[in-house]
Amino acid sequence: MKENADRPLKSKVKSAPRKKKGIHYILKLYIAGHSAKSSNAISNIKKICEDNLQGQYELDVIDLYQQPQLAQGEQIIAVPTLIKKLPIPLRRIIGDLSNTDLVLIGLDIKKKA
Amino acid sequence: MSKKPTTQQQLLTENTNLRARLEKAEQTLRDMLSGEADGLLVPSAAGTQLFALKDADQSYRALIENMGEGALAITPEGLILYSNRRFAAMLGAPLEKVIGSDIHNWFAPESRQILQMLLQKETIENHREELALSASDGTPVPVYLSVNRQVLDGTPDLLYLVITDLTKQKRNEAMLADERFARAILEQAADVIVICDGNGQILRANRKAQAFYSKNLQGELFMHVFPLRRLDGTPFSFIGSVEDDSNQSVEMTLQYDGQGFDFLVSVGHLKGARDDLLGSVVTMTDITDRKTQELALRTSEKQLSEALTIARIGYWEYETATDEFIFNDQYYLLHKITAKEAGGYRMSAADFARRYVHTDDASTVGKNLQLALESRDPAYSAMTETRILTGEGAIVWVEVRFRIQKDSQGNTIYLFGVNQDITERKKEEARIKYLNRVYAMLSGINSLIVRAKDRTELFREACRIAVKGGGFRMAMLFIIDQHTKKIVPVSSAGEDMELLADIKNLLLSGGDEANTMIGRAIGEKKVVISNDSVNDPQVLLGKKCSEFGICSMIDIPLIVDGEAVGVLALYAKEIDFFQEDEVSLLTELAGDIAFAIDHIDKQERLDYLAYYDELTGLANRSLFLDRVSQYMHSAVTGRHKLALCQVDLERFKSINDSLGRNAGDELLKQVAEWLRLNVGDVNTLARIDTDHFALVMPKVRDDGDLGRLITKTMAAFSRHQFRMNDAMFRINAKVGIALFPDDGSEADILLRNAEAALKKAKLSGDRYLFHTQKMTQSVAHKLSMENQLRQAIDNEEFVLYYQPKVNISNRKVESAEALIRWNKPEAGLIPPGDFIPILEETGLIHEVGRWALRKAIMDNLLWREAGLTTVRIAVNISAIQLRNPVFIDEIKEVITISPHAASGLELEITESLIMEDVKHNIETLQAIRALGITIAIDDFGTGFSSLSYLARLPVDTLKIDRSFIIDMTVGPEGLALVSTIINLAHSMNLKVVAEGVEAEEQSHLLHLLKCDEMQGFLFSKPVPGEIFQTKFLAPQALNKKE
């Protein structure tokens, strides 16, 4: 995805407590059409990424209605599912990703309390 | 659920219930997973929700996913929650990268603000805006953007965007505008312009294009309609050749309707925003005509160049500023060199003149150049012929034509010229000139061979014509001598005596004869040519030739009856004179000469037989008569006689019979030979019959002469011994003579009369007879007289008589004339007129004259010694004596007898005799007078003396002829004449003696006229010496007289 440096989507990064500098994240969000959970999941992960991983991530959003073949081998049972491909270990998070803390923990950005 | 403590039963029941519920739920799940259910109704606090499990909204999805526009669902912030595939395609990005991305990022910067506004507007509904996307590779994509806002309960606002790709539509618009503009150009363009789409299908073709095929081309494939080929033959296609430099015009050909067309083709490609080929504009300029013209021009140029080469025309310029010539390739061809060999196309004038102009013409070329440079005429042009040199130095004749160019000041700055090789023409001209010369010669020779009578004339004239008519430097004719078999020059013209002598010597030297050109011409019987004699090794006198300006030569054999009898040699001043045509003509000419030789030979033979006696070689009767006729003409002119004699050989018949015919022939030959030797000119002899010879004596002065000659000749003939069969014979001849004009005025009559005389002689005893009896007698008489006179001399029968001359005034004898008398025994005194002429004819006069002179002197001396009166004795001198060169010496001798001899002597010479040869006689007379002897002119008045000579004659006495004395008494004229003569003589201090004075009257008159002396019967007739002595010299006689 193209990033436009001269026009940041969000001007401020509010907090990046555990941001791991130099680590690149490859994230894939599997959704199913234009459902509320899927739309929320997109908005949420986008917000989380921009807040915590700006410039360090790559996010693909795959609508399994449109491209079901891209789910093969990914062991997806339900959608929305976010998969962190890199850095390892691979993690899966099901849901609309509205609990930011859980997402951050799941992405190994934030440790469990 | 209740929070009260539960029993085990309660627990078990609850467990069972739960299992049942689990079982129920698992069953539902199994059903769901096995695809038994489409949807799932899940009760929740908000009510039961339907979960469609599979394909429940498939049709909607399909509709959106497959629509032509991009469909998006975004948050008001711009986060893309949904995008269909089409939108991702518009951006050229993977769909997964588009969903979840910021919509703003996908719009061109200038469109973002409008997008921002649209997204934020609360009220906007179904708004439509034209914006530009920015595709993943940065290319702008024009789009229509439709935005719809939908507010859903409990969910954030969502914006639904429909994005229509305007690219194609935009393109069409652009093309439309272009087209409108182009249409005008298209339709008016002179070129064929065709617009095709990306597949090569013709969208539009201009009028010119339509006109080319006379049909509508729209919709057809360009390749099909215009099967153009490149010049290398490959088919032309512009499809898929976008990267080709299409602006460049390429020449191509097109075959249509059996005709070839040439086009300059350029292709302009219409490209899309992403460099994709939208279509092409093909412009084709019909250059068929131009090509044809170009081809024609090139052909014409090539032809011109070829023509120049063939015509041997070279172009040149001269640049005044640099003093250089500028040449073209054709020009160099004239010099048979290349520009490379010449050192380029420019050459300095000096260099050019030195290297490529004939030395003799260099100055002329310079002058011509100077004239052109100095000319004030801007239209000056000139034409000249000159010789240039090839690279190898050979001469080339060129005709030079040039004009000039002047600058604004009138200076000649350029010369432009062409040189044409006219060597061939020059050669042709020379050729024609040569040929004309040969023709002239041929014509001359042809007329000659008809005209020429003999070989000498033929040869001499042939050579003369060759030099004069043929213009040859020298011409010579050689003939093979029949006896020596040597080649001898018989005639020549051109008068190069030295070269001629060399050639003769070369031939005489013998050894090389066969090697000489002449020798080869004869030996091989073929024409031998040297066209460069000076350098030709076969010409042995090459060096000499060059001295005499001989550059080529030819030796043509003269063939008669298949044998080479001679050679015609021609020497020309020109090199290479003898070419095929000339040789052919000259060979013909030599053939003519050979024919003439043959003809003359045969003619001469015929002539010989016709006019000559074959046996003796003497003339035959007919030629003899012809010659006699000619001699007769001369005799008439010379006023003399002519004698024709026929000679018969005595006993010839018997010799012939007894010794045989061959002996007879031999005798005839010897007789002819004897006549040739003894009678003189062979042209006067002839054999006119078997044993008859004839001879003509063209000039007979006197009959006596003739008789003597005949007698003498016949005597010699009879003494000659002829040898036959080894025996010696003497032959006698008889002669018959006829005289012209006495015996006939025609030759044949004379011959006949001579024959008649001969017959008579044969019958008589006479050895010869004249045709007339009188003639014979006269001749016989004279011959007899001659004999008697000889005897008279021997017997001293001559005596001197003296006639006194007396002084008229005192009648005294002062002198006497001595006169010869012949005292013939038995006949008495013979008068001088009867024998003096015979003495003179026979030459006896010399002897008799000498005797008379001596006798007179002796008589006079005797008288003187005897003391008698001293007188002067005059002796007559004849012409024959005076002409005798030794006459003076004889006189000198005779006067030595006595010192007084001379003083007593006078010589009388007739006037006519003196006048015969005045000049010579004056000298003789002077010599005589110098001896002291006086001289008297006898018979004065009869000799037509010129007075002027008379005054100069060295004489002392003038004797007036007796006829004047006789006439003196007849009339006053006679007297006046004598008076005048006497006065004339006296005025010249001459003594005058009158002859033949017979009467006193005459004596008296003469006395009156003051004549000095007189002589005549009046006083005394001539008397013997003794009587003269006693009568006129004795003192007593004088006394007696007194």
# chains A, B, ... in the order shown; residues from 1 in each chain; ligands from 1
$ interface_residues --of "chain B" --to "chain A" --cutoff "10 Å" --atoms "only C-alpha atoms" --output "MDAnalysis selection string"
chainID B and resid 55 57:58 61:62 65 73:75 77:85 93:102 104:106 136 154:156 158
$ write_last_selection --atoms "C-alpha atoms" --output "tab-separated table (two decimals), in the first residue's frame"
chain	number	residue	atom	x	y	z
B	55	ASP	CA	-24.92	-17.37	-1.08
B	57	ASP	CA	-26.80	-12.34	-1.06
B	58	GLN	CA	-24.87	-13.80	-3.96
B	61	ARG	CA	-22.50	-9.36	-4.73
B	62	ALA	CA	-22.30	-10.49	-8.30
B	65	GLU	CA	-18.52	-7.12	-8.24
B	73	ALA	CA	-17.93	1.74	0.82
B	74	ILE	CA	-15.90	4.06	2.97
B	75	THR	CA	-16.06	5.61	6.35
B	77	GLU	CA	-12.86	9.54	7.28
B	78	GLY	CA	-12.11	7.91	4.02
B	79	LEU	CA	-11.23	4.40	5.11
B	80	ILE	CA	-12.17	1.96	2.43
B	81	LEU	CA	-14.24	-0.81	3.90
B	82	TYR	CA	-15.28	-2.30	0.64
B	83	SER	CA	-14.11	-2.04	-2.90
B	84	ASN	CA	-15.17	-4.03	-5.85
B	85	ARG	CA	-12.68	-5.50	-8.21
B	93	ALA	CA	-3.59	-2.23	-7.56
B	94	PRO	CA	-4.37	-5.58	-5.84
B	95	LEU	CA	-7.80	-5.55	-4.27
B	96	GLU	CA	-6.50	-6.45	-0.81
B	97	LYS	CA	-4.30	-3.36	-0.87
B	98	VAL	CA	-7.24	-1.20	-1.74
B	99	ILE	CA	-9.62	-2.36	0.98
B	100	GLY	CA	-8.45	-0.94	4.25
B	101	SER	CA	-6.62	1.90	2.57
B	102	ASP	CA	-7.39	5.61	2.65
B	104	HIS	CA	-7.61	10.00	-0.41
B	105	ASN	CA	-4.47	8.27	-1.35
B	106	TRP	CA	-6.05	7.11	-4.58
B	136	SER	CA	-0.81	2.89	-8.43
B	154	GLY	CA	-25.86	1.85	15.63
B	155	THR	CA	-23.32	1.87	12.98
B	156	PRO	CA	-21.07	4.65	11.89
B	158	LEU	CA	-20.95	4.93	5.68
$ residues_around --residues "range 191-202 of chain B" --least-positions-apart "2" --cutoff "7 Å" --atoms "only C-alpha atoms" --output "PDB file with all heavy atoms, in the first residue's frame"
ATOM      1  N   LEU B 186      -7.411  16.992 -43.651  1.00  0.00           N
ATOM      2  CA  LEU B 186      -7.544  15.733 -44.368  1.00  0.00           C
ATOM      3  C   LEU B 186      -8.124  15.914 -45.755  1.00  0.00           C
ATOM      4  O   LEU B 186      -7.565  15.450 -46.751  1.00  0.00           O
ATOM      5  CB  LEU B 186      -8.485  14.809 -43.598  1.00  0.00           C
ATOM      6  CG  LEU B 186      -7.876  13.918 -42.546  1.00  0.00           C
ATOM      7  CD1 LEU B 186      -8.994  13.076 -41.925  1.00  0.00           C
ATOM      8  CD2 LEU B 186      -6.836  13.023 -43.162  1.00  0.00           C
ATOM      9  N   ALA B 189      -5.956  17.983 -48.068  1.00  0.00           N
ATOM     10  CA  ALA B 189      -4.571  17.566 -48.284  1.00  0.00           C
ATOM     11  C   ALA B 189      -4.393  16.950 -49.674  1.00  0.00           C
ATOM     12  O   ALA B 189      -5.287  16.301 -50.196  1.00  0.00           O
ATOM     13  CB  ALA B 189      -4.163  16.563 -47.220  1.00  0.00           C
ATOM     14  N   ARG B 204     -11.140   6.456 -41.251  1.00  0.00           N
ATOM     15  CA  ARG B 204     -11.437   7.560 -42.154  1.00  0.00           C
ATOM     16  C   ARG B 204     -10.363   7.612 -43.234  1.00  0.00           C
ATOM     17  O   ARG B 204      -9.208   7.309 -42.997  1.00  0.00           O
ATOM     18  CB  ARG B 204     -11.439   8.886 -41.370  1.00  0.00           C
ATOM     19  CG  ARG B 204     -11.806  10.092 -42.204  1.00  0.00           C
ATOM     20  CD  ARG B 204     -11.803  11.336 -41.354  1.00  0.00           C
ATOM     21  NE  ARG B 204     -12.834  11.311 -40.328  1.00  0.00           N
ATOM     22  CZ  ARG B 204     -14.118  11.559 -40.568  1.00  0.00           C
ATOM     23  NH1 ARG B 204     -14.506  11.859 -41.767  1.00  0.00           N
ATOM     24  NH2 ARG B 204     -14.991  11.520 -39.601  1.00  0.00           N
ATOM     25  N   ALA B 205     -10.806   7.982 -44.393  1.00  0.00           N
ATOM     26  CA  ALA B 205      -9.847   8.152 -45.493  1.00  0.00           C
ATOM     27  C   ALA B 205     -10.204   9.447 -46.192  1.00  0.00           C
ATOM     28  O   ALA B 205     -11.380   9.740 -46.388  1.00  0.00           O
ATOM     29  CB  ALA B 205      -9.935   6.993 -46.468  1.00  0.00           C
ATOM     30  N   ASN B 206      -9.219  10.220 -46.507  1.00  0.00           N
ATOM     31  CA  ASN B 206      -9.535  11.530 -47.081  1.00  0.00           C
ATOM     32  C   ASN B 206      -9.930  11.381 -48.548  1.00  0.00           C
ATOM     33  O   ASN B 206      -9.869  10.289 -49.131  1.00  0.00           O
ATOM     34  CB  ASN B 206      -8.387  12.516 -46.882  1.00  0.00           C
ATOM     35  CG  ASN B 206      -7.203  12.231 -47.785  1.00  0.00           C
ATOM     36  OD1 ASN B 206      -7.124  11.165 -48.387  1.00  0.00           O
ATOM     37  ND2 ASN B 206      -6.308  13.197 -47.877  1.00  0.00           N
ATOM     38  N   LYS B 208      -8.619  12.306 -51.190  1.00  0.00           N
ATOM     39  CA  LYS B 208      -7.562  11.839 -52.088  1.00  0.00           C
ATOM     40  C   LYS B 208      -7.472  10.323 -52.063  1.00  0.00           C
ATOM     41  O   LYS B 208      -7.320   9.673 -53.092  1.00  0.00           O
ATOM     42  CB  LYS B 208      -6.234  12.456 -51.628  1.00  0.00           C
ATOM     43  CG  LYS B 208      -5.095  12.234 -52.575  1.00  0.00           C
ATOM     44  CD  LYS B 208      -5.076  13.252 -53.677  1.00  0.00           C
ATOM     45  CE  LYS B 208      -3.891  12.964 -54.604  1.00  0.00           C
ATOM     46  NZ  LYS B 208      -3.926  13.853 -55.756  1.00  0.00           N
ATOM     47  N   ALA B 209      -7.600   9.790 -50.821  1.00  0.00           N
ATOM     48  CA  ALA B 209      -7.517   8.348 -50.659  1.00  0.00           C
ATOM     49  C   ALA B 209      -8.692   7.670 -51.339  1.00  0.00           C
ATOM     50  O   ALA B 209      -8.528   6.662 -52.037  1.00  0.00           O
ATOM     51  CB  ALA B 209      -7.471   7.987 -49.187  1.00  0.00           C
ATOM     52  N   LEU B 217     -13.488   3.766 -48.371  1.00  0.00           N
ATOM     53  CA  LEU B 217     -12.553   2.822 -47.785  1.00  0.00           C
ATOM     54  C   LEU B 217     -12.840   2.555 -46.322  1.00  0.00           C
ATOM     55  O   LEU B 217     -12.166   1.740 -45.696  1.00  0.00           O
ATOM     56  CB  LEU B 217     -11.121   3.364 -47.930  1.00  0.00           C
ATOM     57  CG  LEU B 217     -10.681   3.680 -49.349  1.00  0.00           C
ATOM     58  CD1 LEU B 217      -9.306   4.325 -49.340  1.00  0.00           C
ATOM     59  CD2 LEU B 217     -10.645   2.416 -50.194  1.00  0.00           C
ATOM     60  N   GLN B 218     -13.838   3.232 -45.811  1.00  0.00           N
ATOM     61  CA  GLN B 218     -14.085   3.135 -44.381  1.00  0.00           C
ATOM     62  C   GLN B 218     -14.438   1.709 -43.986  1.00  0.00           C
ATOM     63  O   GLN B 218     -15.201   1.043 -44.685  1.00  0.00           O
ATOM     64  CB  GLN B 218     -15.233   4.072 -43.985  1.00  0.00           C
ATOM     65  CG  GLN B 218     -15.145   4.518 -42.555  1.00  0.00           C
ATOM     66  CD  GLN B 218     -15.759   5.903 -42.375  1.00  0.00           C
ATOM     67  OE1 GLN B 218     -16.170   6.522 -43.343  1.00  0.00           O
ATOM     68  NE2 GLN B 218     -15.837   6.364 -41.153  1.00  0.00           N
ATOM     69  N   GLY B 219     -13.818   1.300 -42.898  1.00  0.00           N
ATOM     70  CA  GLY B 219     -14.114  -0.028 -42.392  1.00  0.00           C
ATOM     71  C   GLY B 219     -13.217  -1.109 -42.984  1.00  0.00           C
ATOM     72  O   GLY B 219     -13.144  -2.217 -42.491  1.00  0.00           O
ATOM     73  N   GLU B 220     -12.521  -0.784 -44.032  1.00  0.00           N
ATOM     74  CA  GLU B 220     -11.642  -1.806 -44.625  1.00  0.00           C
ATOM     75  C   GLU B 220     -10.296  -1.828 -43.913  1.00  0.00           C
ATOM     76  O   GLU B 220      -9.913  -0.879 -43.236  1.00  0.00           O
ATOM     77  CB  GLU B 220     -11.413  -1.485 -46.100  1.00  0.00           C
ATOM     78  CG  GLU B 220     -12.700  -1.322 -46.870  1.00  0.00           C
ATOM     79  CD  GLU B 220     -12.669  -1.999 -48.214  1.00  0.00           C
ATOM     80  OE1 GLU B 220     -11.791  -2.868 -48.421  1.00  0.00           O
ATOM     81  OE2 GLU B 220     -13.502  -1.648 -49.063  1.00  0.00           O
ATOM     82  N   LEU B 221      -9.580  -2.895 -44.077  1.00  0.00           N
ATOM     83  CA  LEU B 221      -8.271  -2.991 -43.464  1.00  0.00           C
ATOM     84  C   LEU B 221      -7.248  -2.251 -44.332  1.00  0.00           C
ATOM     85  O   LEU B 221      -7.195  -2.455 -45.551  1.00  0.00           O
ATOM     86  CB  LEU B 221      -7.843  -4.448 -43.329  1.00  0.00           C
ATOM     87  CG  LEU B 221      -8.357  -5.156 -42.070  1.00  0.00           C
ATOM     88  CD1 LEU B 221      -8.024  -6.640 -42.150  1.00  0.00           C
ATOM     89  CD2 LEU B 221      -7.753  -4.533 -40.805  1.00  0.00           C
ATOM     90  N   PHE B 222      -6.459  -1.424 -43.640  1.00  0.00           N
ATOM     91  CA  PHE B 222      -5.478  -0.627 -44.387  1.00  0.00           C
ATOM     92  C   PHE B 222      -4.545  -1.533 -45.208  1.00  0.00           C
ATOM     93  O   PHE B 222      -4.296  -1.321 -46.383  1.00  0.00           O
ATOM     94  CB  PHE B 222      -4.661   0.230 -43.419  1.00  0.00           C
ATOM     95  CG  PHE B 222      -3.618   1.057 -44.117  1.00  0.00           C
ATOM     96  CD1 PHE B 222      -3.943   2.322 -44.623  1.00  0.00           C
ATOM     97  CD2 PHE B 222      -2.329   0.578 -44.313  1.00  0.00           C
ATOM     98  CE1 PHE B 222      -2.989   3.059 -45.287  1.00  0.00           C
ATOM     99  CE2 PHE B 222      -1.385   1.318 -44.980  1.00  0.00           C
ATOM    100  CZ  PHE B 222      -1.713   2.576 -45.468  1.00  0.00           C
ATOM    101  N   ILE B 239       1.150  -1.840 -37.760  1.00  0.00           N
ATOM    102  CA  ILE B 239       0.543  -2.402 -36.560  1.00  0.00           C
ATOM    103  C   ILE B 239       1.652  -2.971 -35.704  1.00  0.00           C
ATOM    104  O   ILE B 239       2.507  -3.715 -36.200  1.00  0.00           O
ATOM    105  CB  ILE B 239      -0.446  -3.535 -36.936  1.00  0.00           C
ATOM    106  CG1 ILE B 239      -1.446  -3.059 -37.980  1.00  0.00           C
ATOM    107  CG2 ILE B 239      -1.154  -4.042 -35.691  1.00  0.00           C
ATOM    108  CD1 ILE B 239      -2.370  -1.958 -37.555  1.00  0.00           C
ATOM    109  N   LEU B 277      -1.595   1.933 -28.169  1.00  0.00           N
ATOM    110  CA  LEU B 277      -1.880   2.392 -29.523  1.00  0.00           C
ATOM    111  C   LEU B 277      -3.383   2.502 -29.726  1.00  0.00           C
ATOM    112  O   LEU B 277      -4.120   1.543 -29.550  1.00  0.00           O
ATOM    113  CB  LEU B 277      -1.297   1.403 -30.555  1.00  0.00           C
ATOM    114  CG  LEU B 277      -1.540   1.754 -32.006  1.00  0.00           C
ATOM    115  CD1 LEU B 277      -0.820   3.034 -32.377  1.00  0.00           C
ATOM    116  CD2 LEU B 277      -1.087   0.606 -32.899  1.00  0.00           C
ATOM    117  N   LEU B 278      -3.802   3.682 -30.015  1.00  0.00           N
ATOM    118  CA  LEU B 278      -5.222   3.897 -30.231  1.00  0.00           C
ATOM    119  C   LEU B 278      -5.555   3.843 -31.719  1.00  0.00           C
ATOM    120  O   LEU B 278      -6.611   3.411 -32.128  1.00  0.00           O
ATOM    121  CB  LEU B 278      -5.635   5.263 -29.688  1.00  0.00           C
ATOM    122  CG  LEU B 278      -5.361   5.448 -28.198  1.00  0.00           C
ATOM    123  CD1 LEU B 278      -5.674   6.866 -27.786  1.00  0.00           C
ATOM    124  CD2 LEU B 278      -6.181   4.460 -27.386  1.00  0.00           C
ATOM    125  N   GLY B 279      -4.614   4.359 -32.469  1.00  0.00           N
ATOM    126  CA  GLY B 279      -4.868   4.374 -33.912  1.00  0.00           C
ATOM    127  C   GLY B 279      -3.674   5.005 -34.610  1.00  0.00           C
ATOM    128  O   GLY B 279      -2.716   5.414 -33.988  1.00  0.00           O
ATOM    129  N   SER B 280      -3.774   5.067 -35.912  1.00  0.00           N
ATOM    130  CA  SER B 280      -2.644   5.602 -36.665  1.00  0.00           C
ATOM    131  C   SER B 280      -3.146   6.459 -37.817  1.00  0.00           C
ATOM    132  O   SER B 280      -4.219   6.211 -38.356  1.00  0.00           O
ATOM    133  CB  SER B 280      -1.798   4.478 -37.260  1.00  0.00           C
ATOM    134  OG  SER B 280      -1.420   3.590 -36.249  1.00  0.00           O
ATOM    135  N   VAL B 281      -2.351   7.449 -38.083  1.00  0.00           N
ATOM    136  CA  VAL B 281      -2.642   8.256 -39.263  1.00  0.00           C
ATOM    137  C   VAL B 281      -1.545   7.961 -40.294  1.00  0.00           C
ATOM    138  O   VAL B 281      -0.361   8.111 -40.014  1.00  0.00           O
ATOM    139  CB  VAL B 281      -2.630   9.757 -38.936  1.00  0.00           C
ATOM    140  CG1 VAL B 281      -2.871  10.576 -40.205  1.00  0.00           C
ATOM    141  CG2 VAL B 281      -3.677  10.061 -37.892  1.00  0.00           C
ATOM    142  N   VAL B 282      -1.972   7.496 -41.418  1.00  0.00           N
ATOM    143  CA  VAL B 282      -0.986   7.167 -42.448  1.00  0.00           C
ATOM    144  C   VAL B 282      -1.070   8.222 -43.549  1.00  0.00           C
ATOM    145  O   VAL B 282      -2.138   8.463 -44.102  1.00  0.00           O
ATOM    146  CB  VAL B 282      -1.256   5.778 -43.058  1.00  0.00           C
ATOM    147  CG1 VAL B 282      -0.144   5.426 -44.042  1.00  0.00           C
ATOM    148  CG2 VAL B 282      -1.371   4.747 -41.969  1.00  0.00           C
ATOM    149  N   THR B 283       0.034   8.874 -43.762  1.00  0.00           N
ATOM    150  CA  THR B 283       0.072   9.880 -44.818  1.00  0.00           C
ATOM    151  C   THR B 283       0.904   9.317 -45.965  1.00  0.00           C
ATOM    152  O   THR B 283       2.020   8.854 -45.772  1.00  0.00           O
ATOM    153  CB  THR B 283       0.728  11.164 -44.315  1.00  0.00           C
ATOM    154  OG1 THR B 283       0.058  11.532 -43.114  1.00  0.00           O
ATOM    155  CG2 THR B 283       0.613  12.283 -45.330  1.00  0.00           C
ATOM    156  N   MET B 284       0.328   9.360 -47.132  1.00  0.00           N
ATOM    157  CA  MET B 284       1.032   8.814 -48.297  1.00  0.00           C
ATOM    158  C   MET B 284       1.105   9.889 -49.377  1.00  0.00           C
ATOM    159  O   MET B 284       0.095  10.336 -49.884  1.00  0.00           O
ATOM    160  CB  MET B 284       0.287   7.585 -48.845  1.00  0.00           C
ATOM    161  CG  MET B 284       0.246   6.459 -47.840  1.00  0.00           C
ATOM    162  SD  MET B 284      -1.007   5.217 -48.199  1.00  0.00           S
ATOM    163  CE  MET B 284      -0.690   4.859 -49.882  1.00  0.00           C
ATOM    164  N   THR B 285       2.312  10.273 -49.656  1.00  0.00           N
ATOM    165  CA  THR B 285       2.500  11.261 -50.713  1.00  0.00           C
ATOM    166  C   THR B 285       2.814  10.521 -52.009  1.00  0.00           C
ATOM    167  O   THR B 285       3.763   9.743 -52.061  1.00  0.00           O
ATOM    168  CB  THR B 285       3.671  12.197 -50.370  1.00  0.00           C
ATOM    169  OG1 THR B 285       3.476  12.648 -49.033  1.00  0.00           O
ATOM    170  CG2 THR B 285       3.732  13.378 -51.307  1.00  0.00           C
ATOM    171  N   ASP B 286       1.969  10.792 -52.987  1.00  0.00           N
ATOM    172  CA  ASP B 286       2.166  10.112 -54.277  1.00  0.00           C
ATOM    173  C   ASP B 286       3.353  10.757 -54.992  1.00  0.00           C
ATOM    174  O   ASP B 286       3.311  11.907 -55.412  1.00  0.00           O
ATOM    175  CB  ASP B 286       0.905  10.248 -55.137  1.00  0.00           C
ATOM    176  CG  ASP B 286       1.010   9.400 -56.394  1.00  0.00           C
ATOM    177  OD1 ASP B 286       2.123   8.919 -56.696  1.00  0.00           O
ATOM    178  OD2 ASP B 286      -0.029   9.231 -57.063  1.00  0.00           O
TER     179      ASP B 286
END
$ atom_distance --atom1 "CA of Lys641 in chain B" --atom2 "CA of Ile836 in chain B"
22.1 Å
$ residues_around --residues "Val679 in chain B" --least-positions-apart "4" --cutoff "9 Å" --atoms "only C-alpha atoms" --output "ChimeraX atom specification"
/B:674-675,684-685,695,713
$ residues_around --residues "Tyr631 in chain B" --least-positions-apart "4" --cutoff "7 Å" --atoms "only C-alpha atoms" --output "PyMOL selection string"
chain B and resi 627+635+698
$ write_last_selection --atoms "N, CA, C and O atoms" --output "compact mmCIF listing (two decimals), in the first residue's frame"
# COMPACT_ATOMS: atom_id res chain seq x y z
N ARG B 627 58.92 7.16 -142.83
CA ARG B 627 60.08 7.99 -142.48
C ARG B 627 60.49 8.87 -143.67
O ARG B 627 60.83 10.04 -143.49
N ALA B 635 63.08 18.28 -146.22
CA ALA B 635 63.79 18.68 -147.43
C ALA B 635 63.13 19.90 -148.05
O ALA B 635 63.82 20.83 -148.50
N PRO B 698 68.66 11.93 -146.40
CA PRO B 698 67.69 13.01 -146.18
C PRO B 698 68.16 14.35 -146.75
O PRO B 698 67.33 15.17 -147.10
$ closest_atom_pairs --of "range 626-735 of chain B" --to "range 745-767 of chain B" --cutoff "10 Å" --atoms "only C-alpha atoms" --output "tab-separated table"
residue	atom	partner	partner_atom	distance
B:Asp626	CA	B:Ala747	CA	7.7
B:Arg627	CA	B:Ala747	CA	8.8
B:Val628	CA	B:Ala747	CA	5.9
B:Ser629	CA	B:Ala747	CA	5.5
B:Gln630	CA	B:Ala747	CA	9.2
B:Tyr631	CA	B:Ala747	CA	9.5
B:Met632	CA	B:Ala747	CA	7.9
B:Leu642	CA	B:Leu750	CA	10.0
B:Ala643	CA	B:Leu750	CA	8.6
B:Leu644	CA	B:Ala754	CA	6.6
B:Cys645	CA	B:Ala754	CA	6.0
B:Gln646	CA	B:Ala754	CA	5.9
B:Val647	CA	B:Leu758	CA	7.4
B:Asp648	CA	B:Leu758	CA	7.6
B:Glu650	CA	B:Lys762	CA	8.7
B:His692	CA	B:Glu755	CA	9.5
B:Ala694	CA	B:Leu751	CA	8.4
B:Leu695	CA	B:Leu751	CA	9.8
B:Val696	CA	B:Leu751	CA	9.7
B:Ile710	CA	B:Arg767	CA	9.6
B:Thr711	CA	B:Arg767	CA	8.5
B:Met714	CA	B:Arg767	CA	8.3
B:Ala715	CA	B:Arg767	CA	9.9
B:Asn732	CA	B:Arg767	CA	8.8
B:Ala733	CA	B:Arg767	CA	7.3
B:Lys734	CA	B:Arg767	CA	5.1
B:Val735	CA	B:Leu758	CA	5.3
$ residues_around --residues "range 379-390 of chain B" --least-positions-apart "6" --cutoff "8 Å" --atoms "only C-alpha atoms" --output "VMD selection string"
chain B and resid 334 to 337 355 to 358 361 365 372 396 to 404
$ residues_around --residues "range 474-476 of chain B" --least-positions-apart "5" --cutoff "12 Å" --atoms "only C-alpha atoms" --output "PyMOL selection string"
chain B and resi 441+459-469+487-497+499-501+503-504+518+545+548-557+566-573
$ atom_distance --atom1 "CA of Ser1003 in chain B" --atom2 "CA of Phe940 in chain B"
18.1 Å
$ residues_around --residues "Lys85 in chain A" --least-positions-apart "3" --cutoff "6 Å" --atoms "only C-alpha atoms" --output "list of chain:residue names"
A:Ile26, A:Leu27, A:Leu90
